[in-house]
file target_32.cif (mmCIF, C-alpha atoms and all ligand atoms)
data_target
loop_
_atom_site.label_atom_id
_atom_site.label_comp_id
_atom_site.auth_asym_id
_atom_site.auth_seq_id
_atom_site.Cartn_x
_atom_site.Cartn_y
_atom_site.Cartn_z
CA MET A 37 -2.68 -8.62 -32.66
CA THR A 38 -5.14 -6.53 -34.68
CA THR A 39 -3.78 -3.82 -36.93
CA LYS A 40 -6.10 -1.14 -35.58
CA VAL A 41 -4.05 1.66 -34.04
CA TYR A 42 -5.33 3.91 -31.25
CA ASP A 43 -3.79 7.16 -30.05
CA VAL A 44 -4.45 6.12 -26.46
CA VAL A 45 -5.78 3.00 -24.71
CA ILE A 46 -7.42 3.64 -21.35
CA VAL A 47 -7.64 0.77 -18.87
CA GLY A 48 -10.93 1.32 -17.04
CA ALA A 49 -14.27 2.93 -17.91
CA GLY A 50 -14.76 4.46 -14.48
CA SER A 51 -14.85 7.84 -12.76
CA VAL A 52 -11.50 8.76 -14.34
CA GLY A 53 -11.44 6.74 -17.58
CA LEU A 54 -14.78 8.03 -18.88
CA PRO A 55 -14.12 11.79 -18.67
CA THR A 56 -10.57 11.14 -19.92
CA ALA A 57 -11.97 9.42 -23.02
CA PHE A 58 -14.33 12.35 -23.50
CA PHE A 59 -11.57 14.99 -23.33
CA LEU A 60 -9.23 12.99 -25.58
CA ALA A 61 -11.94 12.45 -28.19
CA GLN A 62 -12.97 16.09 -27.97
CA ALA A 63 -9.37 17.04 -28.75
CA GLY A 64 -9.62 14.97 -31.95
CA LEU A 65 -7.66 11.94 -30.71
CA LYS A 66 -8.76 8.32 -31.04
CA PRO A 67 -9.00 6.64 -27.63
CA LEU A 68 -10.01 3.07 -26.89
CA VAL A 69 -11.39 2.31 -23.42
CA ILE A 70 -11.31 -1.28 -22.14
CA ASP A 71 -13.21 -2.48 -19.07
CA GLN A 72 -13.58 -5.90 -17.53
CA PHE A 73 -17.17 -5.18 -16.53
CA ALA A 74 -20.17 -5.21 -18.86
CA SER A 75 -20.95 -1.47 -19.05
CA PRO A 76 -19.56 1.96 -18.08
CA GLY A 77 -19.05 2.92 -14.42
CA GLN A 78 -19.49 -0.54 -12.87
CA GLY A 79 -16.36 -0.37 -10.68
CA SER A 80 -16.19 2.16 -7.85
CA ASN A 81 -17.95 4.84 -9.87
CA LYS A 82 -21.40 3.42 -9.20
CA ALA A 83 -20.66 3.18 -5.46
CA ALA A 84 -19.87 6.90 -5.10
CA ILE A 85 -22.58 8.98 -3.47
CA GLY A 86 -22.01 11.90 -5.81
CA GLY A 87 -20.32 14.53 -3.65
CA ILE A 88 -18.27 17.10 -5.59
CA ARG A 89 -16.14 19.62 -3.74
CA ALA A 90 -13.05 21.71 -4.24
CA THR A 91 -12.56 22.12 -0.49
CA HIS A 92 -9.40 20.01 -0.06
CA SER A 93 -6.13 20.51 1.80
CA ALA A 94 -3.77 20.20 -1.19
CA PRO A 95 -3.41 22.74 -4.02
CA SER A 96 -3.39 20.00 -6.70
CA LYS A 97 -6.74 18.58 -5.62
CA ILE A 98 -8.24 22.03 -5.19
CA ARG A 99 -7.23 22.98 -8.73
CA LEU A 100 -8.38 19.71 -10.30
CA CYS A 101 -11.73 19.83 -8.54
CA LEU A 102 -12.33 23.47 -9.48
CA LYS A 103 -12.07 22.28 -13.09
CA SER A 104 -14.39 19.35 -12.31
CA ILE A 105 -17.00 21.68 -10.80
CA GLU A 106 -16.85 23.80 -13.95
CA VAL A 107 -17.47 20.67 -16.06
CA PHE A 108 -20.26 19.18 -13.90
CA SER A 109 -22.06 22.50 -13.35
CA ASN A 110 -22.09 23.43 -17.06
CA TRP A 111 -22.75 19.96 -18.43
CA GLN A 112 -26.51 20.16 -18.87
CA GLU A 113 -26.39 23.60 -20.46
CA THR A 114 -23.59 22.55 -22.83
CA PHE A 115 -24.65 19.01 -23.78
CA GLY A 116 -28.30 18.78 -22.73
CA ASP A 117 -27.86 15.77 -20.41
CA ASP A 118 -29.41 16.07 -16.96
CA ILE A 119 -26.76 14.70 -14.58
CA GLU A 120 -28.68 15.93 -11.49
CA TRP A 121 -26.08 18.59 -10.64
CA TYR A 122 -27.15 20.45 -7.51
CA GLN A 123 -25.09 23.28 -6.08
CA GLY A 124 -25.98 22.89 -2.40
CA GLY A 125 -22.48 23.50 -1.06
CA TYR A 126 -20.51 21.58 1.57
CA SER A 127 -20.27 22.14 5.29
CA PHE A 128 -17.68 20.58 7.62
CA VAL A 129 -19.18 20.98 11.06
CA ALA A 130 -17.34 21.43 14.37
CA TYR A 131 -18.66 20.40 17.76
CA ARG A 132 -15.27 20.39 19.46
CA GLU A 133 -12.32 22.79 19.49
CA ARG A 134 -10.07 20.17 17.88
CA GLU A 135 -12.14 20.05 14.67
CA GLU A 136 -12.64 23.82 14.74
CA ARG A 137 -8.85 24.29 14.75
CA VAL A 138 -8.22 21.78 11.91
CA LEU A 139 -10.91 23.31 9.74
CA LYS A 140 -9.89 26.91 10.40
CA ASP A 141 -6.25 26.08 9.59
CA LEU A 142 -7.29 24.57 6.27
CA LEU A 143 -9.41 27.60 5.43
CA LYS A 144 -6.24 29.65 4.95
CA ILE A 145 -4.93 27.38 2.16
CA GLN A 146 -8.37 26.98 0.65
CA GLN A 147 -8.99 30.72 0.48
CA ALA A 148 -5.49 31.36 -0.91
CA TYR A 149 -6.41 29.10 -3.85
CA GLY A 150 -9.51 31.11 -4.65
CA LEU A 151 -12.13 28.88 -3.04
CA ASP A 152 -15.37 30.44 -1.97
CA ILE A 153 -15.32 29.07 1.57
CA ARG A 154 -15.89 30.75 4.89
CA TRP A 155 -16.28 30.00 8.56
CA LEU A 156 -19.80 30.32 9.95
CA GLY A 157 -20.35 30.59 13.69
CA ARG A 158 -23.09 28.53 15.34
CA ASP A 159 -26.03 30.86 14.62
CA ASP A 160 -25.06 31.57 11.02
CA LEU A 161 -24.50 27.88 10.33
CA LEU A 162 -27.93 27.08 11.76
CA LYS A 163 -29.43 29.53 9.27
CA VAL A 164 -27.88 27.47 6.41
CA ILE A 165 -28.58 24.05 8.00
CA PRO A 166 -31.48 24.65 10.43
CA ASP A 167 -31.84 20.96 11.34
CA LEU A 168 -28.33 20.48 12.78
CA ASN A 169 -28.29 19.52 16.44
CA PRO A 170 -27.53 22.90 18.11
CA GLU A 171 -26.16 21.39 21.33
CA ASP A 172 -22.38 22.03 21.60
CA LEU A 173 -22.29 23.20 17.97
CA ILE A 174 -19.39 25.65 17.52
CA GLY A 175 -19.75 26.35 13.81
CA GLY A 176 -18.43 25.05 10.53
CA THR A 177 -17.06 25.78 7.10
CA TYR A 178 -19.46 26.58 4.30
CA SER A 179 -18.47 26.41 0.63
CA PRO A 180 -21.58 27.26 -1.42
CA LYS A 181 -20.05 26.47 -4.85
CA ASP A 182 -19.54 22.77 -4.07
CA GLY A 183 -22.33 20.37 -4.94
CA SER A 184 -23.35 16.94 -6.12
CA ALA A 185 -24.44 15.01 -9.17
CA SER A 186 -25.45 11.49 -10.14
CA PRO A 187 -22.44 9.20 -10.75
CA LEU A 188 -24.65 6.93 -12.87
CA LEU A 189 -26.02 9.70 -15.08
CA SER A 190 -22.70 11.48 -15.48
CA ALA A 191 -20.90 8.22 -16.34
CA HIS A 192 -23.46 7.63 -19.03
CA ALA A 193 -23.17 11.23 -20.26
CA PHE A 194 -19.34 11.07 -20.53
CA TYR A 195 -19.62 7.69 -22.26
CA THR A 196 -22.24 8.83 -24.79
CA ARG A 197 -20.52 12.10 -25.64
CA ALA A 198 -17.10 10.42 -25.88
CA ARG A 199 -18.51 7.86 -28.33
CA GLU A 200 -20.14 10.60 -30.40
CA ARG A 201 -16.67 12.12 -30.74
CA GLY A 202 -15.10 8.88 -31.92
CA ALA A 203 -13.94 7.16 -28.73
CA GLU A 204 -14.30 3.37 -28.84
CA PHE A 205 -15.18 1.07 -25.95
CA ARG A 206 -14.72 -2.63 -25.30
CA PHE A 207 -16.63 -4.09 -22.35
CA SER A 208 -16.38 -7.51 -20.68
CA GLU A 209 -12.74 -7.52 -21.77
CA ARG A 210 -9.79 -7.65 -19.40
CA VAL A 211 -6.40 -6.07 -19.99
CA THR A 212 -3.77 -8.73 -19.34
CA GLY A 213 -0.48 -7.18 -20.45
CA ILE A 214 1.43 -4.45 -22.21
CA ILE A 215 3.48 -4.91 -25.34
CA ARG A 216 6.66 -2.85 -25.30
CA ARG A 217 9.61 -2.34 -27.58
CA ARG A 218 12.84 -0.78 -26.33
CA GLY A 219 11.16 0.59 -23.20
CA GLN A 220 8.27 2.15 -25.14
CA VAL A 221 4.61 1.03 -25.10
CA VAL A 222 3.55 -0.27 -28.52
CA GLY A 223 0.36 -2.11 -27.66
CA ILE A 224 -1.89 -3.73 -25.11
CA ARG A 225 -2.95 -7.33 -24.63
CA THR A 226 -6.36 -8.45 -23.42
CA ASP A 227 -8.10 -11.76 -22.80
CA LYS A 228 -9.74 -11.28 -26.21
CA GLY A 229 -6.87 -10.00 -28.36
CA GLY A 230 -4.65 -6.95 -28.62
CA TYR A 231 -4.53 -3.34 -29.80
CA ALA A 232 -1.71 -1.17 -31.08
CA THR A 233 -1.06 2.11 -29.30
CA GLY A 234 1.84 4.25 -28.16
CA THR A 235 0.09 5.45 -24.99
CA VAL A 236 -1.66 3.53 -22.22
CA ILE A 237 -3.44 5.24 -19.32
CA ASN A 238 -3.92 3.07 -16.27
CA ALA A 239 -7.25 4.28 -14.81
CA GLY A 240 -7.91 0.93 -13.17
CA GLY A 241 -9.17 2.20 -9.80
CA ALA A 242 -9.15 -0.47 -7.09
CA TRP A 243 -7.63 -2.92 -9.59
CA ALA A 244 -4.89 -0.52 -10.78
CA ARG A 245 -2.02 -2.24 -9.00
CA ALA A 246 -2.74 -5.57 -10.67
CA ALA A 247 -3.01 -3.78 -14.02
CA ALA A 248 0.40 -2.13 -13.44
CA GLN A 249 1.97 -5.42 -12.40
CA MET A 250 0.80 -7.01 -15.65
CA ALA A 251 2.99 -4.40 -17.35
CA GLY A 252 5.95 -5.31 -15.13
CA LEU A 253 5.42 -2.10 -13.09
CA ASP A 254 4.10 -1.43 -9.62
CA VAL A 255 2.04 1.33 -8.05
CA PRO A 256 1.01 1.47 -4.37
CA VAL A 257 -2.78 1.39 -4.65
CA VAL A 258 -4.59 -0.71 -2.06
CA PRO A 259 -8.38 -0.92 -2.05
CA ASP A 260 -10.44 -0.59 1.11
CA SER A 261 -14.18 -0.78 1.37
CA HIS A 262 -16.76 1.77 2.40
CA GLU A 263 -20.51 1.52 2.70
CA ALA A 264 -23.24 3.89 1.68
CA GLY A 265 -27.00 4.09 1.70
CA ILE A 266 -29.96 5.98 0.32
CA THR A 267 -33.34 6.88 1.84
CA GLU A 268 -36.76 7.46 0.39
CA PRO A 269 -37.08 10.87 -1.35
CA VAL A 270 -38.52 13.71 0.73
CA ALA A 271 -39.22 17.42 0.16
CA ARG A 272 -36.03 19.49 0.20
CA PHE A 273 -34.92 20.55 3.68
CA LEU A 274 -31.13 20.27 3.42
CA GLY A 275 -28.82 22.34 1.22
CA PRO A 276 -25.17 21.35 1.75
CA MET A 277 -23.34 18.05 2.08
CA VAL A 278 -22.75 17.75 5.83
CA VAL A 279 -19.40 16.28 6.87
CA ASP A 280 -18.61 15.33 10.46
CA ILE A 281 -14.91 14.52 10.91
CA ARG A 282 -15.10 13.50 14.57
CA PRO A 283 -13.88 9.94 15.04
CA ALA A 284 -16.18 7.52 16.89
CA ASP A 285 -16.19 3.86 17.77
CA GLY A 286 -15.71 1.90 14.53
CA SER A 287 -15.66 4.90 12.24
CA ARG A 288 -13.86 8.08 11.31
CA ASN A 289 -15.80 10.70 9.38
CA TYR A 290 -19.20 10.32 7.79
CA TYR A 291 -21.06 12.52 5.36
CA PHE A 292 -24.53 12.91 3.90
CA TYR A 293 -26.59 15.21 1.71
CA GLN A 294 -29.93 15.49 0.03
CA HIS A 295 -29.61 14.43 -3.59
CA GLY A 296 -31.38 16.38 -6.37
CA PRO A 297 -34.59 14.30 -6.53
CA GLY A 298 -34.95 14.22 -2.70
CA PRO A 299 -33.35 11.19 -1.02
CA ILE A 300 -30.65 11.49 1.65
CA VAL A 301 -27.49 9.71 0.51
CA PHE A 302 -24.92 8.84 3.17
CA CYS A 303 -21.55 7.20 3.66
CA ILE A 304 -19.09 6.40 6.45
CA THR A 305 -15.33 5.80 6.71
CA PRO A 306 -14.72 2.68 8.80
CA GLU A 307 -11.93 2.65 11.40
CA PRO A 308 -9.88 0.51 11.20
CA PRO A 309 -10.08 0.38 7.40
CA ILE A 310 -11.53 -2.76 5.82
CA VAL A 311 -8.84 -3.61 3.31
CA GLY A 312 -9.68 -5.77 0.29
CA THR A 313 -12.05 -6.00 -2.63
CA ASP A 314 -15.10 -7.54 -0.94
CA ARG A 315 -18.18 -5.60 -2.12
CA ARG A 316 -20.84 -7.42 -0.07
CA GLU A 317 -22.63 -5.06 2.32
CA THR A 318 -22.43 -5.70 6.08
CA SER A 319 -25.07 -5.72 8.83
CA ILE A 320 -23.17 -3.29 11.08
CA PHE A 321 -22.97 -0.33 8.72
CA LEU A 322 -26.54 0.93 8.89
CA SER A 323 -26.91 0.85 12.66
CA MET A 324 -23.52 2.54 13.08
CA ILE A 325 -24.17 5.41 10.71
CA ALA A 326 -27.86 5.83 11.59
CA ARG A 327 -26.94 6.50 15.21
CA ARG A 328 -24.39 9.15 14.23
CA MET A 329 -26.66 10.83 11.69
CA VAL A 330 -29.68 11.01 14.00
CA ASP A 331 -27.47 12.40 16.73
CA LEU A 332 -26.25 15.14 14.38
CA MET A 333 -29.64 15.77 12.78
CA PRO A 334 -32.49 14.46 14.98
CA LYS A 335 -35.03 15.15 12.23
CA LEU A 336 -33.69 12.14 10.30
CA ALA A 337 -35.01 9.69 12.92
CA ASN A 338 -38.11 8.74 10.93
CA ILE A 339 -36.84 8.69 7.36
CA LYS A 340 -36.88 5.26 5.69
CA VAL A 341 -33.69 3.76 4.26
CA ARG A 342 -34.26 2.14 0.88
CA ARG A 343 -30.94 0.47 0.13
CA THR A 344 -27.33 0.15 1.26
CA TRP A 345 -24.25 -0.89 -0.71
CA ARG A 346 -20.54 -1.34 -0.36
CA GLY A 347 -17.80 -0.18 -2.71
CA LEU A 348 -14.07 0.37 -2.89
CA TYR A 349 -11.80 3.36 -2.34
CA PRO A 350 -8.59 2.92 -4.38
CA MET A 351 -6.25 4.16 -1.64
CA SER A 352 -2.76 5.58 -2.08
CA PRO A 353 -0.37 5.60 0.91
CA ASP A 354 -0.81 9.34 1.61
CA GLY A 355 -4.40 9.88 0.48
CA PHE A 356 -3.47 11.82 -2.67
CA PRO A 357 -3.97 10.62 -6.25
CA ILE A 358 -1.06 9.24 -8.25
CA VAL A 359 -0.91 10.84 -11.69
CA GLY A 360 2.03 10.86 -14.07
CA GLN A 361 4.16 9.14 -16.65
CA ALA A 362 5.94 5.92 -15.58
CA ARG A 363 9.71 6.46 -15.69
CA GLU A 364 10.33 2.80 -16.50
CA MET A 365 8.15 2.71 -19.61
CA GLU A 366 7.69 5.50 -22.15
CA GLY A 367 4.00 5.96 -22.98
CA TYR A 368 2.59 4.42 -19.76
CA ILE A 369 0.64 6.92 -17.63
CA TYR A 370 -0.83 6.39 -14.16
CA ALA A 371 -4.14 8.01 -13.18
CA VAL A 372 -4.77 5.98 -10.06
CA GLY A 373 -5.10 6.12 -6.25
CA MET A 374 -8.12 8.45 -6.30
CA CYS A 375 -9.10 7.36 -2.75
CA GLY A 376 -12.53 8.67 -1.71
CA GLN A 377 -12.61 11.45 -4.30
CA GLY A 378 -12.27 9.90 -7.72
CA TYR A 379 -15.72 10.94 -8.82
CA MET A 380 -15.14 14.61 -8.09
CA LEU A 381 -11.57 14.46 -9.45
CA GLY A 382 -12.51 12.64 -12.66
CA PRO A 383 -13.20 15.53 -15.08
CA GLY A 384 -10.27 17.63 -13.77
CA VAL A 385 -7.89 14.65 -14.05
CA GLY A 386 -9.33 13.72 -17.48
CA ALA A 387 -8.74 17.21 -18.88
CA LEU A 388 -5.18 17.17 -17.48
CA LEU A 389 -4.45 13.75 -19.01
CA ALA A 390 -5.69 14.98 -22.39
CA ARG A 391 -3.21 17.87 -22.20
CA MET A 392 -0.41 15.48 -21.17
CA VAL A 393 -1.07 13.24 -24.16
CA GLN A 394 -1.14 16.24 -26.50
CA GLY A 395 2.00 17.75 -24.97
CA THR A 396 0.20 20.94 -23.98
CA VAL A 397 0.61 20.95 -20.20
CA THR A 398 0.58 24.39 -18.59
CA PRO A 399 2.87 25.62 -15.79
CA GLU A 400 -0.04 25.00 -13.37
CA ASP A 401 -0.37 21.42 -14.68
CA LYS A 402 3.34 20.89 -14.00
CA GLU A 403 2.87 21.93 -10.38
CA ILE A 404 -0.08 19.55 -10.05
CA LEU A 405 1.90 16.70 -11.61
CA GLU A 406 4.81 17.33 -9.29
CA GLU A 407 2.54 17.05 -6.24
CA LEU A 408 0.84 13.89 -7.56
CA SER A 409 4.01 12.27 -8.92
CA PRO A 410 4.19 8.45 -8.74
CA TYR A 411 7.76 8.96 -7.50
CA ARG A 412 7.05 11.25 -4.53
CA GLU A 413 7.99 10.25 -0.99
CA PHE A 414 4.40 9.40 0.12
CA GLY A 415 5.36 10.85 3.49
CA GLY A 416 2.59 13.45 3.94
CA GLY A 417 -1.04 12.88 4.69
CA GLU A 418 -4.26 14.28 3.25
CA LYS A 419 -6.15 16.01 6.07
CA LEU A 420 -9.62 15.62 4.55
CA LYS A 421 -9.38 12.13 2.99
C1 LIG B 1 -19.37 4.22 -0.65
C2 LIG B 1 -18.54 5.14 -1.47
C3 LIG B 1 -18.89 6.50 -1.58
C4 LIG B 1 -18.10 7.37 -2.34
N1 LIG B 1 -18.50 8.67 -2.48
C5 LIG B 1 -17.77 9.51 -3.25
C6 LIG B 1 -18.17 10.85 -3.44
O1 LIG B 1 -19.18 11.32 -2.90
N2 LIG B 1 -17.41 11.65 -4.24
C7 LIG B 1 -16.27 11.19 -4.85
O2 LIG B 1 -15.61 11.95 -5.54
N3 LIG B 1 -15.89 9.90 -4.70
C8 LIG B 1 -16.59 9.06 -3.93
N4 LIG B 1 -16.19 7.75 -3.76
C9 LIG B 1 -14.90 7.33 -4.35
C10 LIG B 1 -15.04 7.05 -5.82
O3 LIG B 1 -16.06 6.11 -6.04
C11 LIG B 1 -13.71 6.50 -6.36
O4 LIG B 1 -12.61 7.28 -5.93
C12 LIG B 1 -13.72 6.51 -7.88
O5 LIG B 1 -14.85 5.85 -8.39
C13 LIG B 1 -12.44 5.89 -8.44
O6 LIG B 1 -12.44 6.11 -9.82
P1 LIG B 1 -11.54 5.25 -10.79
O7 LIG B 1 -11.85 5.66 -12.18
O8 LIG B 1 -10.14 5.32 -10.30
O9 LIG B 1 -12.04 3.74 -10.53
P2 LIG B 1 -13.36 3.02 -11.06
O10 LIG B 1 -14.50 3.93 -11.19
O11 LIG B 1 -13.51 1.79 -10.23
O12 LIG B 1 -12.93 2.57 -12.52
C14 LIG B 1 -11.88 1.66 -12.72
C15 LIG B 1 -12.28 0.68 -13.79
O13 LIG B 1 -11.13 -0.01 -14.24
C16 LIG B 1 -11.54 -1.29 -14.62
N5 LIG B 1 -10.35 -2.17 -14.68
C17 LIG B 1 -9.38 -2.27 -13.74
N6 LIG B 1 -8.44 -3.16 -14.15
C18 LIG B 1 -8.83 -3.62 -15.36
C19 LIG B 1 -8.27 -4.55 -16.29
N7 LIG B 1 -7.11 -5.18 -16.05
N8 LIG B 1 -8.92 -4.77 -17.45
C20 LIG B 1 -10.11 -4.12 -17.70
N9 LIG B 1 -10.69 -3.25 -16.86
C21 LIG B 1 -10.05 -2.99 -15.71
C22 LIG B 1 -12.54 -1.68 -13.56
O14 LIG B 1 -13.39 -2.71 -14.02
C23 LIG B 1 -13.27 -0.37 -13.30
O15 LIG B 1 -14.49 -0.26 -14.00
C24 LIG B 1 -16.96 6.86 -3.03
C25 LIG B 1 -16.64 5.50 -2.96
C26 LIG B 1 -17.42 4.64 -2.19
C27 LIG B 1 -17.05 3.20 -2.14
#

call {"tool": "encode", "arguments": {"input": "target_32.cif", "output": "structure tokens"}}
result
Amino acid sequence: MTTKVYDVVIVGAGSVGLPTAFFLAQAGLKPLVIDQFASPGQGSNKAAIGGIRATHSAPSKIRLCLKSIEVFSNWQETFGDDIEWYQGGYSFVAYREREERVLKDLLKIQQAYGLDIRWLGRDDLLKVIPDLNPEDLIGGTYSPKDGSASPLLSAHAFYTRARERGAEFRFSERVTGIIRRRGQVVGIRTDKGGYATGTVINAGGAWARAAAQMAGLDVPVVPDSHEAGITEPVARFLGPMVVDIRPADGSRNYYFYQHGPGPIVFCITPEPPIVGTDRRETSIFLSMIARRMVDLMPKLANIKVRRTWRGLYPMSPDGFPIVGQAREMEGYIYAVGMCGQGYMLGPGVGALLARMVQGTVTPEDKEILEELSPYREFGGGEKLK
């Protein structure tokens, strides 16, 4: 074991680990981030399509993502890095009364937590998204403060700025165990050596359960795979991320938006879920989603798809993240189970973790941590997974 001592060791340089390293280093602490892959953001982070919204059904996620939006939207002005933030908003559309009811019910919670979100009837929604198929359209939610950014550029920005502030990174190195003394973390073991620390944050994404088990712990994170694609860039015609939550054969919801430089980026939630860590893209994804997208927005019929890919959602049993200190081991913190929203949750979760490590959690943080506790019942269910 080396003698170098770190304030915190973060397992995983992904959507959560990178902003966490940034906030810890900014607070003057010395974090070490270890990742099995060769560079930052090579796990699920690079598979995310870049959607960032605070329009959730749970207060904890709403609060965390409001913080994330503040970070993403001010990043370029504060640090000079272009992360392709675009504030186009989000719209959940309703073509049937069932979805209209679900979305309108959620509006009440969302508005109570200060979100700028409203219901637009058919004609008003068509003014915001003129290319939506008007047939049977009832209306939809519109949250103009939500947006998108580039997961690749923001990963690099968090990484660079964290390093400038003293964070250290080890790539192509795998965490293999935790060293503990009398129930307290004292270090971490890897396939290349070891590091002394009193605090370990498990931000291992789809691989978080295996990382916890190496420490003699367990956390219910199960990966399932989702596919996405990107088209050629075209002149801007679409403002918000469009989300259609109607189930269809082989899929649940799907969502797409026009990214800053012009391409349409899109993604679907398969039904039944495809559980496992296989990241090879399939032949059925594109035809399935293309049909649904063209049906919703006929104008997309002639746009050319450039590339598709498959990545992993680190799923928790109820669709909510798992964040908190492990009761069985002092100094071991979970920041896992981010499901389909780890990119947008990352900065909010990272800032919260930095306060946890410094012992400066606020009353609001305590409420968030209670909702996301690793020891909750896992009985509920996120309505907008
Ligand atoms: C197709 C698709 C589209 C998506 N779109 C969006 C979106 O629009 N918006 C959004 O918010 N989210 C989106 N997501 C979800 C998002 O990508 C994930 O929720 C998020 O990346 C998870 O972040 P994480 O930090 O937990 O995991 P990751 O980013 O995967 O980081 C975990 C890291 O931990 C490392 N690791 C794990 N175990 C070890 C170990 N033992 N030793 C060393 N390293 C280890 C891994 O190598 C990995 O790099 C999408 C996902 C997919 C697949």

call {"tool": "residues_near_ligand", "arguments": {"input": "target_32.cif", "ligand": "ligand LIG 1 (chain B)", "cutoff": "6 Å", "atoms": "all atoms listed in the file", "output": "ChimeraX atom specification"}}
result
/A:47-53,70-73,77-81,83-88,209-212,239-244,247,262-264,303,346-349,372,374-380

call {"tool": "write_last_selection", "arguments": {"input": "target_32.cif", "atoms": "C-alpha atoms", "output": "short mmCIF file (atom, residue, chain, number, x, y, z; two decimals), keeping the file's coordinate frame"}}
result
data_model
loop_
_atom_site.label_atom_id
_atom_site.label_comp_id
_atom_site.auth_asym_id
_atom_site.auth_seq_id
_atom_site.Cartn_x
_atom_site.Cartn_y
_atom_site.Cartn_z
CA VAL A 47 -7.64 0.77 -18.87
CA GLY A 48 -10.93 1.32 -17.04
CA ALA A 49 -14.27 2.93 -17.91
CA GLY A 50 -14.76 4.46 -14.48
CA SER A 51 -14.85 7.84 -12.76
CA VAL A 52 -11.50 8.76 -14.34
CA GLY A 53 -11.44 6.74 -17.58
CA ILE A 70 -11.31 -1.28 -22.14
CA ASP A 71 -13.21 -2.48 -19.07
CA GLN A 72 -13.58 -5.90 -17.53
CA PHE A 73 -17.17 -5.18 -16.53
CA GLY A 77 -19.05 2.92 -14.42
CA GLN A 78 -19.49 -0.54 -12.87
CA GLY A 79 -16.36 -0.37 -10.68
CA SER A 80 -16.19 2.16 -7.85
CA ASN A 81 -17.95 4.84 -9.87
CA ALA A 83 -20.66 3.18 -5.46
CA ALA A 84 -19.87 6.90 -5.10
CA ILE A 85 -22.58 8.98 -3.47
CA GLY A 86 -22.01 11.90 -5.81
CA GLY A 87 -20.32 14.53 -3.65
CA ILE A 88 -18.27 17.10 -5.59
CA GLU A 209 -12.74 -7.52 -21.77
CA ARG A 210 -9.79 -7.65 -19.40
CA VAL A 211 -6.40 -6.07 -19.99
CA THR A 212 -3.77 -8.73 -19.34
CA ALA A 239 -7.25 4.28 -14.81
CA GLY A 240 -7.91 0.93 -13.17
CA GLY A 241 -9.17 2.20 -9.80
CA ALA A 242 -9.15 -0.47 -7.09
CA TRP A 243 -7.63 -2.92 -9.59
CA ALA A 244 -4.89 -0.52 -10.78
CA ALA A 247 -3.01 -3.78 -14.02
CA HIS A 262 -16.76 1.77 2.40
CA GLU A 263 -20.51 1.52 2.70
CA ALA A 264 -23.24 3.89 1.68
CA CYS A 303 -21.55 7.20 3.66
CA ARG A 346 -20.54 -1.34 -0.36
CA GLY A 347 -17.80 -0.18 -2.71
CA LEU A 348 -14.07 0.37 -2.89
CA TYR A 349 -11.80 3.36 -2.34
CA VAL A 372 -4.77 5.98 -10.06
CA MET A 374 -8.12 8.45 -6.30
CA CYS A 375 -9.10 7.36 -2.75
CA GLY A 376 -12.53 8.67 -1.71
CA GLN A 377 -12.61 11.45 -4.30
CA GLY A 378 -12.27 9.90 -7.72
CA TYR A 379 -15.72 10.94 -8.82
CA MET A 380 -15.14 14.61 -8.09
#

call {"tool": "axis_aligned_box", "arguments": {"input": "target_32.cif", "around": "region 175-180 of chain A", "padding_each_side": "4 Å", "output": "lines of an AutoDock Vina configuration file"}}
result
center_x = -19.3
center_y = 26.2
center_z = 6.2
size_x = 12.5
size_y = 10.2
size_z = 23.2

call {"tool": "residues_around", "arguments": {"input": "target_32.cif", "residues": "region 148-165 of chain A", "least_positions_apart": "3", "cutoff": "8 Å", "atoms": "all atoms listed in the file", "output": "PyMOL selection string"}}
result
chain A and resi 90-91+95+98-99+140+143-145+168+170+173-181+274-276

call {"tool": "closest_residue", "arguments": {"input": "target_32.cif", "among": "A:Ser127, A:Asn238, A:Ser96, A:Ser352", "to": "Val279 (chain A)", "atoms": "only C-alpha atoms"}}
result
A:Ser127

call {"tool": "residues_near_point", "arguments": {"input": "target_32.cif", "point": "(-10.3, -7.5, -28.7)", "cutoff": "10 Å", "atoms": "all atoms listed in the file", "output": "count of residues only"}}
result
16

call {"tool": "closest_residue", "arguments": {"input": "target_32.cif", "among": "A:Pro67, A:Pro383, A:Gly373, A:Arg363", "to": "Cys101 (chain A)", "atoms": "only C-alpha atoms"}}
result
A:Pro383

call {"tool": "closest_residue", "arguments": {"input": "target_32.cif", "among": "A:Gly223, A:Pro256, A:Pro399, A:Gly124", "to": "Lys40 (chain A)", "atoms": "only C-alpha atoms"}}
result
A:Gly223

call {"tool": "closest_residue", "arguments": {"input": "target_32.cif", "among": "A:His295, A:His92, A:Arg288, A:Arg197", "to": "Ser184 (chain A)", "atoms": "only C-alpha atoms"}}
result
A:His295

call {"tool": "atom_distance", "arguments": {"input": "target_32.cif", "atom1": "CA of Lys340 (chain A)", "atom2": "CA of Leu189 (chain A)"}}
result
23.9 Å

call {"tool": "closest_residue", "arguments": {"input": "target_32.cif", "among": "A:Gln361, A:Phe205, A:Ala248, A:Glu407", "to": "Ala74 (chain A)", "atoms": "only C-alpha atoms"}}
result
A:Phe205

call {"tool": "closest_residue", "arguments": {"input": "target_32.cif", "among": "A:Gln294, A:Ser109, A:Thr56, A:Thr233", "to": "Phe194 (chain A)", "atoms": "all atoms listed in the file"}}
result
A:Thr56

call {"tool": "closest_atom_pairs", "arguments": {"input": "target_32.cif", "of": "region 120-145 of chain A", "to": "region 320-333 of chain A", "cutoff": "12 Å", "atoms": "only C-alpha atoms", "output": "JSON lines"}}
result
{"residue": "A:Val129", "atom": "CA", "partner": "A:Leu332", "partner_atom": "CA", "distance": 9.8}
{"residue": "A:Ala130", "atom": "CA", "partner": "A:Leu332", "partner_atom": "CA", "distance": 10.9}
{"residue": "A:Tyr131", "atom": "CA", "partner": "A:Leu332", "partner_atom": "CA", "distance": 9.8}
